[in-house]
Each structure stands twice: as structure tokens, then as C-alpha cells.
Amino acid sequence: MHRFRSLYLGCLLISLAAPAAAGVDACPRPSPGSAIPEPADLRSQGGVLEAELTVRNSKESDGSIRYCYLLSDGSQSPTLRLTPGDLLILHIKNELTDFDADLSSEHAPSSEHAPSSEHAHNHAASKPADPCHSGVMSLTSTNVHFHGLSVPPVCHQDEVLKTSIQPGDPPFEYRFRVPLDEPPGLYWYHPHIHGFSKAQLIGGASGALVVEGLERANRELAGLPERVLVIRDQDLLNPDAPPSKSEPVVPKMLIDRDGDSANNGTGFGRPAKDLSINFVPVPFPDYPPAALAMKPGERQLWRVLNASAITYLNLAMIFKRAPQMLGIVSIDGVPLNQNGNAANAVDWRDHMGLPPGSRAEFIVTGPPAGTRGLLVTRTVDTGQGGENDPNRALAAISAEADAPEPRSTLPSSPRPLPAAALPWLGDVPPVRVRRLFFSEKLKDPANPNSATDFYITVDGETPVPFDPGSDVPNIVVKQGEVEDWIIENRSNELHAFHIHQIHFLLLDYSGSPVDEPFLRDTVNVPYFNGRTLRYPSVRLRMDFRDPNTIGTFVYHCHLLEHEDGGMMGLIRVEPPK
């Protein structure tokens, strides 16, 4: 099969959840070291999946705020399971609370780009406003983005620029069909309120969505048990603790302008954020791993989502200090053989890099009897201006003969997927080439600790932060076209490029050609170290052939503090002439 470069480069009705009683945590979480729970599965019946989710938050004793999607039984963030052609009807009820009005203003977009106070007053006076057009952005606003799905960017489907649901609004209905040609694999859902996305994702508002049929693309998966593992980041549970004594001595800890631990380049020290796996926290400084039991030597398919707001992952599985091979079969919801390669292609690697927002599906083999395995994330160099993402454990894997089987098992006799209707994207020449670049600037250049503006700019234009009040697109294309985008990084920290509605093909990574047999929707853009003669870049082939792309949607950095800070642009896809 083709070689590719480092993958660091990510009708059932549920009734409304009852309000939480006073003093009860609306979003409870497991304790560190707990067994990894499986998210609830919601499956379509008769081609329809209808569900109701309540969005709530709760303020913890340390002042942090948790967010959660709740079912009526109190379970959080269910996995939505659909097949191509299924109808999804999702009712979202907003029961968020503004615990601290000052916090809202602290995280809001800068005043010149935020909705005016007059607009907010008029909105309040005219309630109930139409959630499709309200455009209100606050810590208590919500909407849903279906990350990776190629559904239209219109209200009630996957529109995030104007759609905003407020507390007290009646349940808001999302309704769309999964396209018949949607690649089978792992997708996800999360809120996308500009200026507040990071706060809500750090709080835990995210869940997985599976388009069934991956075994139809790769028969190596037939009959395998499968696990959905959602890795999230959160504020540190022990922010004042010294590093573990088992770690080497590291340079004095530095804090970046966002208040997080800055990258120290050692692979150790205090992380910017803690991680959790299916909500089981793995906190600094000792990283007590979550527990996972497998039968000795058992093969499973793991579907892993990096639902972090700012944290990069570099996953590896270790037995007796030796890295084990992971059989990668899909990236960002797209099987590795999407370009017509051998139907059962598996790429075996000893680590797997995932930027925030990205997903990977891979075959794992459990440890032999008497051996303990460990799922870890290795350090990621985020650049001089990035956060600290050090080495740390995530899950301890025990080999147990009586280990329970995962809830879901892939069909053992799948029928093959139909051939793709469109030519492979890599064989389609682009109609034009565009250049864009990431950059950053201190709001107060005289103060190195001032806040930062973040930009993604079309080359030749002046960098300005994203303006949520503007309908003027930065880029206009015609449906049916294919373009190449060269995206430079002119900053000293790593960025993760993401675009809604479409997938793209990575052609070149920092000057080196890449031959990948699959598409992505999120990719790293290397940071500028100040020493090279040109800025690092990626070259992407962008696919606007799908009629579902018609409309206006966004592209942005998927480090959400960057997105919230202005690193986002608008693209309009117009109907063909």
C-alpha cells in the first residue's frame, strides 16, 4: 500500500432529562483510576435515529465549569450510530446556567468583533428569537457542529454562524440524512459558539458519531469487537502540585499568555491541561491511568477521538517498555483504501499522532496473559509559543481471561462498499491554487503578557480577526471545483487546520511530497522556528464537488482558543453556472 508521513500532521426517542436537584452535580465524572466506561449507544431503527439531548453545566468546588450532553437516564455524551442514508433527528434543549457574568465577559470576543450591547438588548427584548438567525454568542448559548460530516451548512443541519440556542428556548431540532456516499468511520459532535468553543469543550461538551460500515471497506475488521474512546482535555485538577519525583528535573515552568504551561521542549513537566478518557480523568502529576481489561491477545478495533480543545496527542501502546504495532485503517472518518487501493489495507505503526479534532481507527492486540499494557501519549513539540503536551499515561490495559466483551461487535460477513461515484481526488487537477497563512499578534506589542489576536489570512490581504457579524466571505468557489490550498504557518506555535463540510487530500508537508490513500478534515501545520529561509506549509487538495457543500461555512485552527481569538475565515460555495 502507499506509504504516508507521520500522522501527527486527528426511530429511537429519548425523552428530556429531568432537571438536576439542588446540590446534585449536573455533569458527574468518574474518579481517577476508574475503569473506562463505554458511552451509551443510540442506534437508528428503521432508518431513523431520533433522540433528545439536554445541554447542562455545573460549577465545581474549584471554580471550574463542566458542560455535558445528557440523556433522560443521566448518561452523558452518547455515541450516535447511523448508516449512510439514515435520518438523524436530534432535539437539543439548552439548560445552561450563567454562573458568573464576569466570566462571560472575560471569554467574549474582542468588542470590535462581538455583537453590540444594543444587539444583545434587542435580542433579549424580542425573545423568543429564531435560533436560526439569533447569532447570540455567550457561555450559555449553544448549537451543534457535526464535525467531518458532509451535510449542508444550513440551519437545522450544520450551520454554526447564526444558529444559536438560548436557555429557555424550546428544544431545537436538527434534522438531516447521512449522505449515501459518506465514508464509514468516526465523526463527532460539539458546540461551535464563536468566542466560547474552548470553554465548552474544556468543560466536556462533546460526543462521538459513528457512520457504520467500516468493515465493508476493510474485511480485516469483520467480526472484531470495537471500542469508542473519547480523549478530552480539562483544566488541571492539581494545578499547584510539583511534578512527580519519577520525572527528570525540567527547566523552570513558564506560563503562556493564556495562563497555561508553556512548551518547555523536554517532554516532561506540568502539562497545559489534564486529559481524560471517556471522562475518567488522568491528572497531573502522577497520571494514574484509567483501567481497561481485555482478553489475552484479543484483537479489537479502537475508534479514538481527540476531542481536546488545545491538546495534541501522540498515541502509543507499550508492553514491558516495548511499543506495540497499531493497525491503522481509517483517519478522520475515511478508510485508508479510499483511493482504490487493496480493499484490506492496514498500515502498521508504533505510534499515532492526532491533532485536536482528529480521529483514528486502528486494530490493537491485547497483552498476553501475565503482561500489563499501557496506552500513553508521547510528547508533542508545539513550538516556542505553544502549550506543554508532555509524555503521560492514559490507560492501564490488563489481560484477563474473563474480561467483558465490548458492547459492539462488527458484522462478520459484510458486503463490500459500492465503488466511488467520483474520481479519486488525487487524480483531479485543481482549477486554481490559493495561498493562506496563520499568524499571531500581541494586542499590546509593548506588553509581552498581553492577549493575542490570531489570524488566518488569504495571502495578499491584511490579517484581521474573524468578524462574526460579517457575511462577507474570504473565499468564494463554485460547487464542482477542486482547488489546491497552500497554508503557511508564520507563527512560532503549531496550528491545526480544519474546514467544515469537506475533506481534503494532503499533498505536501513542509516541502516533502506526501502520498496518502485517504482524505482528512484536520491537519497540523508546522510552526516557524525563525531559522528557516521560508515558512513551513502544507499543500492540500480541496474537494468542492459535493452539492452538499453549497452555502457559507468556516475554516479555522482547531486549537479552540485560537479559533475563539479570531483564527477563522468564511468560505462561500456557490452553485455552478
# chains A, B, ... in the order shown; residues from 1 in each chain; ligands from 1

$ residues_around --residues "Glu461 in chain A" --least-positions-apart "5" --cutoff "12 Å" --atoms "only C-alpha atoms" --output "list of chain:residue names"
A:Arg435, A:Leu436, A:Phe437, A:Tyr455, A:Ile456, A:Asn474, A:Ile475

$ select_by_dssp --residues "range 209-281 of chain A" --states "strand (DSSP E)" --output "list in words"
Leu209, Val210, Val211, Pro225, Glu226, Arg227, Val228, Leu229, Val230, Ile231, Arg232, Asp233, Gln234, Asp274, Leu275, Ser276, Ile277, Val280 and Pro281 of chain A

$ closest_residue --among "A:Ile328, A:Leu254, A:Val48, A:Leu505" --to "Pro430 in chain A" --atoms "only C-alpha atoms"
A:Leu505

$ residues_around --residues "Arg227 in chain A" --least-positions-apart "4" --cutoff "7 Å" --atoms "only C-alpha atoms" --output "PDB file with N, CA and C atoms, in the first residue's frame"
ATOM      1  N   LEU A 301     -11.021  -3.413  17.420  1.00  0.00           N
ATOM      2  CA  LEU A 301     -10.961  -2.155  16.695  1.00  0.00           C
ATOM      3  C   LEU A 301     -11.201  -1.036  17.696  1.00  0.00           C
ATOM      4  N   TRP A 302     -10.259  -0.112  17.785  1.00  0.00           N
ATOM      5  CA  TRP A 302     -10.426   1.057  18.644  1.00  0.00           C
ATOM      6  C   TRP A 302     -10.710   2.270  17.772  1.00  0.00           C
ATOM      7  N   ARG A 303     -11.787   2.962  18.119  1.00  0.00           N
ATOM      8  CA  ARG A 303     -12.139   4.215  17.449  1.00  0.00           C
ATOM      9  C   ARG A 303     -11.795   5.339  18.433  1.00  0.00           C
ATOM     10  N   PRO A 406     -16.513  -5.808  24.685  1.00  0.00           N
ATOM     11  CA  PRO A 406     -17.128  -4.509  24.404  1.00  0.00           C
ATOM     12  C   PRO A 406     -18.569  -4.688  23.930  1.00  0.00           C
TER      13      PRO A 406
END

$ closest_residue --among "A:Asp86, A:Glu247, A:Glu405, A:Asp350" --to "Arg299 in chain A" --atoms "only C-alpha atoms"
A:Glu405

$ atom_distance --atom1 "CA of Cys27 in chain A" --atom2 "CA of Pro271 in chain A"
23.9 Å

$ residues_around --residues "Ala396 in chain A" --least-positions-apart "5" --cutoff "10 Å" --atoms "only C-alpha atoms" --output "list in words"
Gly33, Ala35, Ile36, Pro288, Pro289, Ala290, Ala291, Leu292, Ala293, Met317, Ile318, Arg372, Gly373, Leu374, Leu375 and Val376 of chain A

$ residues_around --residues "Arg257 in chain A" --least-positions-apart "3" --cutoff "9 Å" --atoms "only C-alpha atoms" --output "VMD selection string"
chain A and resid 260 262 448 to 452

$ residues_around --residues "Gly47 in chain A" --least-positions-apart "2" --cutoff "12 Å" --atoms "only C-alpha atoms" --output "PDB file with all heavy atoms, in the first residue's frame"
ATOM      1  N   CYS A  11     -36.640   4.511  14.504  1.00  0.00           N
ATOM      2  CA  CYS A  11     -36.706   5.754  15.219  1.00  0.00           C
ATOM      3  C   CYS A  11     -36.829   5.508  16.724  1.00  0.00           C
ATOM      4  O   CYS A  11     -37.857   5.016  17.168  1.00  0.00           O
ATOM      5  CB  CYS A  11     -37.913   6.533  14.674  1.00  0.00           C
ATOM      6  SG  CYS A  11     -38.456   7.970  15.538  1.00  0.00           S
ATOM      7  N   LEU A  12     -35.436   5.943  17.404  1.00  0.00           N
ATOM      8  CA  LEU A  12     -35.330   5.787  18.866  1.00  0.00           C
ATOM      9  C   LEU A  12     -35.506   7.154  19.474  1.00  0.00           C
ATOM     10  O   LEU A  12     -34.816   8.082  19.134  1.00  0.00           O
ATOM     11  CB  LEU A  12     -33.954   5.205  19.214  1.00  0.00           C
ATOM     12  CG  LEU A  12     -33.616   5.090  20.683  1.00  0.00           C
ATOM     13  CD1 LEU A  12     -34.553   4.106  21.349  1.00  0.00           C
ATOM     14  CD2 LEU A  12     -32.166   4.645  20.868  1.00  0.00           C
ATOM     15  N   ARG A  43     -28.769   3.878  18.448  1.00  0.00           N
ATOM     16  CA  ARG A  43     -28.746   3.308  17.104  1.00  0.00           C
ATOM     17  C   ARG A  43     -30.038   3.627  16.356  1.00  0.00           C
ATOM     18  O   ARG A  43     -31.114   3.694  16.954  1.00  0.00           O
ATOM     19  CB  ARG A  43     -28.549   1.791  17.166  1.00  0.00           C
ATOM     20  CG  ARG A  43     -27.242   1.368  17.816  1.00  0.00           C
ATOM     21  CD  ARG A  43     -27.123  -0.150  17.903  1.00  0.00           C
ATOM     22  NE  ARG A  43     -25.903  -0.548  18.586  1.00  0.00           N
ATOM     23  CZ  ARG A  43     -24.726  -0.730  17.987  1.00  0.00           C
ATOM     24  NH1 ARG A  43     -24.627  -0.553  16.683  1.00  0.00           N
ATOM     25  NH2 ARG A  43     -23.663  -1.090  18.681  1.00  0.00           N
ATOM     26  N   SER A  44     -29.898   3.795  15.053  1.00  0.00           N
ATOM     27  CA  SER A  44     -31.082   4.045  14.239  1.00  0.00           C
ATOM     28  C   SER A  44     -31.946   2.788  14.167  1.00  0.00           C
ATOM     29  O   SER A  44     -31.447   1.668  14.245  1.00  0.00           O
ATOM     30  CB  SER A  44     -30.670   4.479  12.833  1.00  0.00           C
ATOM     31  OG  SER A  44     -29.900   3.469  12.201  1.00  0.00           O
ATOM     32  N   GLN A  45     -33.234   3.010  14.046  1.00  0.00           N
ATOM     33  CA  GLN A  45     -34.187   1.926  13.860  1.00  0.00           C
ATOM     34  C   GLN A  45     -35.077   2.285  12.683  1.00  0.00           C
ATOM     35  O   GLN A  45     -35.666   3.367  12.650  1.00  0.00           O
ATOM     36  CB  GLN A  45     -35.033   1.713  15.114  1.00  0.00           C
ATOM     37  CG  GLN A  45     -34.221   1.260  16.323  1.00  0.00           C
ATOM     38  CD  GLN A  45     -35.089   0.983  17.536  1.00  0.00           C
ATOM     39  OE1 GLN A  45     -36.311   1.091  17.469  1.00  0.00           O
ATOM     40  NE2 GLN A  45     -34.462   0.626  18.639  1.00  0.00           N
ATOM     41  N   LEU A  49     -32.856   7.739  13.474  1.00  0.00           N
ATOM     42  CA  LEU A  49     -32.401   7.886  14.850  1.00  0.00           C
ATOM     43  C   LEU A  49     -32.931   9.217  15.367  1.00  0.00           C
ATOM     44  O   LEU A  49     -32.547  10.285  14.882  1.00  0.00           O
ATOM     45  CB  LEU A  49     -30.875   7.859  14.939  1.00  0.00           C
ATOM     46  CG  LEU A  49     -30.257   8.223  16.300  1.00  0.00           C
ATOM     47  CD1 LEU A  49     -30.798   7.341  17.409  1.00  0.00           C
ATOM     48  CD2 LEU A  49     -28.739   8.139  16.260  1.00  0.00           C
ATOM     49  N   GLU A  50     -33.844   9.157  16.320  1.00  0.00           N
ATOM     50  CA  GLU A  50     -34.402  10.360  16.917  1.00  0.00           C
ATOM     51  C   GLU A  50     -34.062  10.352  18.399  1.00  0.00           C
ATOM     52  O   GLU A  50     -34.291   9.364  19.090  1.00  0.00           O
ATOM     53  CB  GLU A  50     -35.914  10.442  16.716  1.00  0.00           C
ATOM     54  CG  GLU A  50     -36.502  11.759  17.214  1.00  0.00           C
ATOM     55  CD  GLU A  50     -37.947  11.963  16.797  1.00  0.00           C
ATOM     56  OE1 GLU A  50     -38.518  11.060  16.157  1.00  0.00           O
ATOM     57  OE2 GLU A  50     -38.507  13.035  17.110  1.00  0.00           O
ATOM     58  N   ARG A  81     -25.028   6.332  16.402  1.00  0.00           N
ATOM     59  CA  ARG A  81     -24.631   5.337  15.399  1.00  0.00           C
ATOM     60  C   ARG A  81     -25.655   5.335  14.266  1.00  0.00           C
ATOM     61  O   ARG A  81     -26.834   5.061  14.488  1.00  0.00           O
ATOM     62  CB  ARG A  81     -24.521   3.950  16.030  1.00  0.00           C
ATOM     63  CG  ARG A  81     -23.336   3.821  16.997  1.00  0.00           C
ATOM     64  CD  ARG A  81     -23.215   2.411  17.546  1.00  0.00           C
ATOM     65  NE  ARG A  81     -22.007   2.237  18.327  1.00  0.00           N
ATOM     66  CZ  ARG A  81     -20.830   1.817  17.827  1.00  0.00           C
ATOM     67  NH1 ARG A  81     -20.737   1.521  16.546  1.00  0.00           N
ATOM     68  NH2 ARG A  81     -19.775   1.683  18.606  1.00  0.00           N
ATOM     69  N   LEU A  82     -25.177   5.641  13.059  1.00  0.00           N
ATOM     70  CA  LEU A  82     -26.041   5.723  11.897  1.00  0.00           C
ATOM     71  C   LEU A  82     -25.393   5.009  10.725  1.00  0.00           C
ATOM     72  O   LEU A  82     -24.177   4.786  10.706  1.00  0.00           O
ATOM     73  CB  LEU A  82     -26.297   7.183  11.518  1.00  0.00           C
ATOM     74  CG  LEU A  82     -26.928   8.060  12.601  1.00  0.00           C
ATOM     75  CD1 LEU A  82     -25.926   9.113  13.055  1.00  0.00           C
ATOM     76  CD2 LEU A  82     -28.190   8.725  12.110  1.00  0.00           C
ATOM     77  N   THR A  83     -26.192   4.672   9.740  1.00  0.00           N
ATOM     78  CA  THR A  83     -25.680   4.132   8.488  1.00  0.00           C
ATOM     79  C   THR A  83     -25.964   5.139   7.383  1.00  0.00           C
ATOM     80  O   THR A  83     -26.866   5.974   7.509  1.00  0.00           O
ATOM     81  CB  THR A  83     -26.328   2.780   8.145  1.00  0.00           C
ATOM     82  OG1 THR A  83     -27.750   2.957   8.055  1.00  0.00           O
ATOM     83  CG2 THR A  83     -26.036   1.746   9.214  1.00  0.00           C
ATOM     84  N   PRO A  84     -25.194   5.116   6.289  1.00  0.00           N
ATOM     85  CA  PRO A  84     -25.470   6.051   5.194  1.00  0.00           C
ATOM     86  C   PRO A  84     -26.928   5.960   4.749  1.00  0.00           C
ATOM     87  O   PRO A  84     -27.490   4.881   4.604  1.00  0.00           O
ATOM     88  CB  PRO A  84     -24.509   5.579   4.097  1.00  0.00           C
ATOM     89  CG  PRO A  84     -23.352   4.995   4.852  1.00  0.00           C
ATOM     90  CD  PRO A  84     -23.979   4.315   6.037  1.00  0.00           C
ATOM     91  N   GLY A  85     -27.540   7.115   4.570  1.00  0.00           N
ATOM     92  CA  GLY A  85     -28.947   7.183   4.206  1.00  0.00           C
ATOM     93  C   GLY A  85     -29.891   7.334   5.379  1.00  0.00           C
ATOM     94  O   GLY A  85     -31.068   7.663   5.193  1.00  0.00           O
ATOM     95  N   ASP A  86     -29.405   7.124   6.610  1.00  0.00           N
ATOM     96  CA  ASP A  86     -30.261   7.268   7.791  1.00  0.00           C
ATOM     97  C   ASP A  86     -30.632   8.730   8.016  1.00  0.00           C
ATOM     98  O   ASP A  86     -29.860   9.647   7.711  1.00  0.00           O
ATOM     99  CB  ASP A  86     -29.549   6.755   9.044  1.00  0.00           C
ATOM    100  CG  ASP A  86     -29.605   5.243   9.189  1.00  0.00           C
ATOM    101  OD1 ASP A  86     -30.340   4.611   8.424  1.00  0.00           O
ATOM    102  OD2 ASP A  86     -28.910   4.714  10.075  1.00  0.00           O
ATOM    103  N   LEU A  87     -31.804   8.926   8.612  1.00  0.00           N
ATOM    104  CA  LEU A  87     -32.268  10.247   9.016  1.00  0.00           C
ATOM    105  C   LEU A  87     -31.953  10.445  10.495  1.00  0.00           C
ATOM    106  O   LEU A  87     -32.347   9.638  11.334  1.00  0.00           O
ATOM    107  CB  LEU A  87     -33.781  10.369   8.788  1.00  0.00           C
ATOM    108  CG  LEU A  87     -34.448  11.674   9.253  1.00  0.00           C
ATOM    109  CD1 LEU A  87     -33.923  12.861   8.450  1.00  0.00           C
ATOM    110  CD2 LEU A  87     -35.971  11.564   9.149  1.00  0.00           C
ATOM    111  N   LEU A  88     -31.227  11.521  10.816  1.00  0.00           N
ATOM    112  CA  LEU A  88     -30.965  11.885  12.199  1.00  0.00           C
ATOM    113  C   LEU A  88     -31.883  13.035  12.587  1.00  0.00           C
ATOM    114  O   LEU A  88     -31.922  14.072  11.905  1.00  0.00           O
ATOM    115  CB  LEU A  88     -29.503  12.310  12.392  1.00  0.00           C
ATOM    116  CG  LEU A  88     -29.135  12.843  13.792  1.00  0.00           C
ATOM    117  CD1 LEU A  88     -29.304  11.763  14.852  1.00  0.00           C
ATOM    118  CD2 LEU A  88     -27.729  13.415  13.824  1.00  0.00           C
ATOM    119  N   ILE A  89     -32.633  12.864  13.679  1.00  0.00           N
ATOM    120  CA  ILE A  89     -33.474  13.918  14.240  1.00  0.00           C
ATOM    121  C   ILE A  89     -33.016  14.093  15.683  1.00  0.00           C
ATOM    122  O   ILE A  89     -33.231  13.224  16.522  1.00  0.00           O
ATOM    123  CB  ILE A  89     -34.971  13.560  14.192  1.00  0.00           C
ATOM    124  CG1 ILE A  89     -35.401  13.173  12.774  1.00  0.00           C
ATOM    125  CG2 ILE A  89     -35.811  14.739  14.696  1.00  0.00           C
ATOM    126  CD1 ILE A  89     -36.810  12.607  12.693  1.00  0.00           C
ATOM    127  N   PHE A 176     -31.336  15.837   9.432  1.00  0.00           N
ATOM    128  CA  PHE A 176     -30.685  15.644   8.142  1.00  0.00           C
ATOM    129  C   PHE A 176     -30.457  14.158   7.908  1.00  0.00           C
ATOM    130  O   PHE A 176     -30.482  13.352   8.839  1.00  0.00           O
ATOM    131  CB  PHE A 176     -29.343  16.397   8.069  1.00  0.00           C
ATOM    132  CG  PHE A 176     -28.318  15.991   9.101  1.00  0.00           C
ATOM    133  CD1 PHE A 176     -27.509  14.881   8.919  1.00  0.00           C
ATOM    134  CD2 PHE A 176     -28.156  16.734  10.258  1.00  0.00           C
ATOM    135  CE1 PHE A 176     -26.562  14.506   9.869  1.00  0.00           C
ATOM    136  CE2 PHE A 176     -27.212  16.383  11.213  1.00  0.00           C
ATOM    137  CZ  PHE A 176     -26.417  15.268  11.008  1.00  0.00           C
ATOM    138  N   ARG A 177     -30.226  13.830   6.641  1.00  0.00           N
ATOM    139  CA  ARG A 177     -29.862  12.457   6.271  1.00  0.00           C
ATOM    140  C   ARG A 177     -28.351  12.348   6.100  1.00  0.00           C
ATOM    141  O   ARG A 177     -27.718  13.237   5.521  1.00  0.00           O
ATOM    142  CB  ARG A 177     -30.548  12.026   4.977  1.00  0.00           C
ATOM    143  CG  ARG A 177     -32.030  11.763   5.138  1.00  0.00           C
ATOM    144  CD  ARG A 177     -32.618  10.981   3.986  1.00  0.00           C
ATOM    145  NE  ARG A 177     -34.041  10.789   4.214  1.00  0.00           N
ATOM    146  CZ  ARG A 177     -34.551   9.798   4.939  1.00  0.00           C
ATOM    147  NH1 ARG A 177     -33.731   8.902   5.486  1.00  0.00           N
ATOM    148  NH2 ARG A 177     -35.852   9.700   5.103  1.00  0.00           N
ATOM    149  N   VAL A 178     -27.810  11.255   6.602  1.00  0.00           N
ATOM    150  CA  VAL A 178     -26.398  10.978   6.348  1.00  0.00           C
ATOM    151  C   VAL A 178     -26.268  10.640   4.869  1.00  0.00           C
ATOM    152  O   VAL A 178     -26.985   9.773   4.356  1.00  0.00           O
ATOM    153  CB  VAL A 178     -25.906   9.799   7.207  1.00  0.00           C
ATOM    154  CG1 VAL A 178     -24.456   9.481   6.895  1.00  0.00           C
ATOM    155  CG2 VAL A 178     -26.092  10.104   8.685  1.00  0.00           C
TER     156      VAL A 178
END

$ closest_residue --among "A:His503, A:Lys295, A:His133, A:Arg378" --to "Arg541 in chain A" --atoms "only C-alpha atoms"
A:His503

$ closest_atom_pairs --of "range 283-337 of chain A" --to "range 490-500 of chain A" --cutoff "12 Å" --atoms "only C-alpha atoms" --output "JSON lines"
{"residue": "A:Ala309", "atom": "CA", "partner": "A:Ala496", "partner_atom": "CA", "distance": 11.1}
{"residue": "A:Ile310", "atom": "CA", "partner": "A:Ala496", "partner_atom": "CA", "distance": 9.6}
{"residue": "A:Thr311", "atom": "CA", "partner": "A:Ala496", "partner_atom": "CA", "distance": 10.6}
{"residue": "A:Tyr312", "atom": "CA", "partner": "A:Ala496", "partner_atom": "CA", "distance": 9.4}
{"residue": "A:Asp332", "atom": "CA", "partner": "A:His498", "partner_atom": "CA", "distance": 11.0}

$ write_last_selection --atoms "all heavy atoms" --output "short mmCIF file (atom, residue, chain, number, x, y, z; two decimals), in the first residue's frame"
data_model
loop_
_atom_site.label_atom_id
_atom_site.label_comp_id
_atom_site.auth_asym_id
_atom_site.auth_seq_id
_atom_site.Cartn_x
_atom_site.Cartn_y
_atom_site.Cartn_z
N ALA A 309 -9.66 20.54 23.40
CA ALA A 309 -9.75 21.91 22.92
C ALA A 309 -8.40 22.42 22.43
O ALA A 309 -8.33 23.19 21.47
CB ALA A 309 -10.30 22.82 24.00
N ILE A 310 -7.30 22.01 23.10
CA ILE A 310 -5.98 22.55 22.72
C ILE A 310 -4.87 21.51 22.74
O ILE A 310 -3.74 21.84 22.38
CB ILE A 310 -5.58 23.72 23.64
CG1 ILE A 310 -5.33 23.26 25.07
CG2 ILE A 310 -6.60 24.85 23.60
CD1 ILE A 310 -4.70 24.33 25.97
N THR A 311 -5.13 20.26 23.12
CA THR A 311 -4.06 19.30 23.38
C THR A 311 -3.85 18.36 22.19
O THR A 311 -4.80 17.74 21.69
CB THR A 311 -4.37 18.47 24.64
OG1 THR A 311 -4.56 19.36 25.74
CG2 THR A 311 -3.23 17.52 24.95
N TYR A 312 -2.58 18.23 21.78
CA TYR A 312 -2.20 17.27 20.74
C TYR A 312 -1.91 15.92 21.38
O TYR A 312 -1.40 15.85 22.51
CB TYR A 312 -0.95 17.74 20.01
CG TYR A 312 -1.13 18.98 19.17
CD1 TYR A 312 -0.98 20.25 19.74
CD2 TYR A 312 -1.45 18.90 17.83
CE1 TYR A 312 -1.15 21.40 18.98
CE2 TYR A 312 -1.61 20.04 17.05
CZ TYR A 312 -1.46 21.28 17.64
OH TYR A 312 -1.64 22.41 16.89
N ASP A 332 -9.78 10.35 10.32
CA ASP A 332 -10.82 11.39 10.16
C ASP A 332 -12.07 10.86 9.45
O ASP A 332 -12.69 11.56 8.64
CB ASP A 332 -10.26 12.60 9.40
CG ASP A 332 -9.29 13.42 10.24
OD1 ASP A 332 -9.18 13.15 11.46
OD2 ASP A 332 -8.65 14.33 9.69
#

$ residues_around --residues "range 134-145 of chain A" --least-positions-apart "5" --cutoff "8 Å" --atoms "only C-alpha atoms" --output "number ranges by chain"
A: 94, 96-98, 104, 108, 115, 120, 123, 129, 158-167, 189-196, 199-200

$ atom_distance --atom1 "CA of Leu224 in chain A" --atom2 "CA of Ala322 in chain A"
24.4 Å

$ atom_distance --atom1 "CA of Met542 in chain A" --atom2 "CA of Asp467 in chain A"
23.7 Å

$ decode --residues "range 476-483 of chain A" --atoms "all heavy atoms" --output "mmCIF file, in the first residue's frame"
data_model
loop_
_atom_site.group_PDB
_atom_site.id
_atom_site.type_symbol
_atom_site.label_atom_id
_atom_site.label_comp_id
_atom_site.auth_asym_id
_atom_site.auth_seq_id
_atom_site.Cartn_x
_atom_site.Cartn_y
_atom_site.Cartn_z
ATOM 1 N N VAL A 476 -14.468 32.568 -2.254
ATOM 2 C CA VAL A 476 -15.666 32.137 -2.978
ATOM 3 C C VAL A 476 -15.237 31.119 -4.027
ATOM 4 O O VAL A 476 -14.283 31.346 -4.784
ATOM 5 C CB VAL A 476 -16.372 33.329 -3.659
ATOM 6 C CG1 VAL A 476 -17.579 32.842 -4.457
ATOM 7 C CG2 VAL A 476 -16.811 34.365 -2.618
ATOM 8 N N VAL A 477 -15.921 29.984 -4.070
ATOM 9 C CA VAL A 477 -15.660 28.950 -5.071
ATOM 10 C C VAL A 477 -16.983 28.488 -5.644
ATOM 11 O O VAL A 477 -18.060 28.785 -5.109
ATOM 12 C CB VAL A 477 -14.886 27.744 -4.478
ATOM 13 C CG1 VAL A 477 -13.576 28.187 -3.874
ATOM 14 C CG2 VAL A 477 -15.725 27.014 -3.456
ATOM 15 N N LYS A 478 -16.938 27.751 -6.741
ATOM 16 C CA LYS A 478 -18.114 27.157 -7.345
ATOM 17 C C LYS A 478 -18.182 25.676 -6.969
ATOM 18 O O LYS A 478 -17.165 24.980 -6.952
ATOM 19 C CB LYS A 478 -18.065 27.280 -8.869
ATOM 20 C CG LYS A 478 -18.084 28.710 -9.385
ATOM 21 C CD LYS A 478 -19.438 29.346 -9.206
ATOM 22 C CE LYS A 478 -19.480 30.734 -9.865
ATOM 23 N NZ LYS A 478 -20.784 31.400 -9.625
ATOM 24 N N GLN A 479 -19.385 25.217 -6.676
ATOM 25 C CA GLN A 479 -19.566 23.783 -6.439
ATOM 26 C C GLN A 479 -19.163 23.022 -7.702
ATOM 27 O O GLN A 479 -19.480 23.414 -8.817
ATOM 28 C CB GLN A 479 -21.026 23.489 -6.070
ATOM 29 C CG GLN A 479 -21.302 22.036 -5.742
ATOM 30 C CD GLN A 479 -21.816 21.250 -6.927
ATOM 31 O OE1 GLN A 479 -22.678 21.729 -7.671
ATOM 32 N NE2 GLN A 479 -21.300 20.038 -7.117
ATOM 33 N N GLY A 480 -18.444 21.937 -7.492
ATOM 34 C CA GLY A 480 -17.927 21.146 -8.600
ATOM 35 C C GLY A 480 -16.451 21.368 -8.839
ATOM 36 O O GLY A 480 -15.812 20.578 -9.548
ATOM 37 N N GLU A 481 -15.886 22.430 -8.234
ATOM 38 C CA GLU A 481 -14.478 22.730 -8.456
ATOM 39 C C GLU A 481 -13.581 21.999 -7.463
ATOM 40 O O GLU A 481 -14.004 21.603 -6.375
ATOM 41 C CB GLU A 481 -14.237 24.239 -8.354
ATOM 42 C CG GLU A 481 -14.918 25.034 -9.458
ATOM 43 C CD GLU A 481 -14.662 26.521 -9.358
ATOM 44 O OE1 GLU A 481 -14.348 27.005 -8.246
ATOM 45 O OE2 GLU A 481 -14.767 27.199 -10.395
ATOM 46 N N VAL A 482 -12.320 21.868 -7.831
ATOM 47 C CA VAL A 482 -11.260 21.337 -6.975
ATOM 48 C C VAL A 482 -10.140 22.365 -6.967
ATOM 49 O O VAL A 482 -9.748 22.877 -8.029
ATOM 50 C CB VAL A 482 -10.761 19.970 -7.493
ATOM 51 C CG1 VAL A 482 -9.496 19.540 -6.767
ATOM 52 C CG2 VAL A 482 -11.851 18.910 -7.333
ATOM 53 N N GLU A 483 -9.642 22.705 -5.773
ATOM 54 C CA GLU A 483 -8.581 23.690 -5.649
ATOM 55 C C GLU A 483 -7.426 23.116 -4.837
ATOM 56 O O GLU A 483 -7.622 22.191 -4.049
ATOM 57 C CB GLU A 483 -9.088 24.950 -4.944
ATOM 58 C CG GLU A 483 -10.190 25.683 -5.659
ATOM 59 C CD GLU A 483 -10.498 27.032 -5.023
ATOM 60 O OE1 GLU A 483 -10.044 27.291 -3.886
ATOM 61 O OE2 GLU A 483 -11.191 27.832 -5.677
#
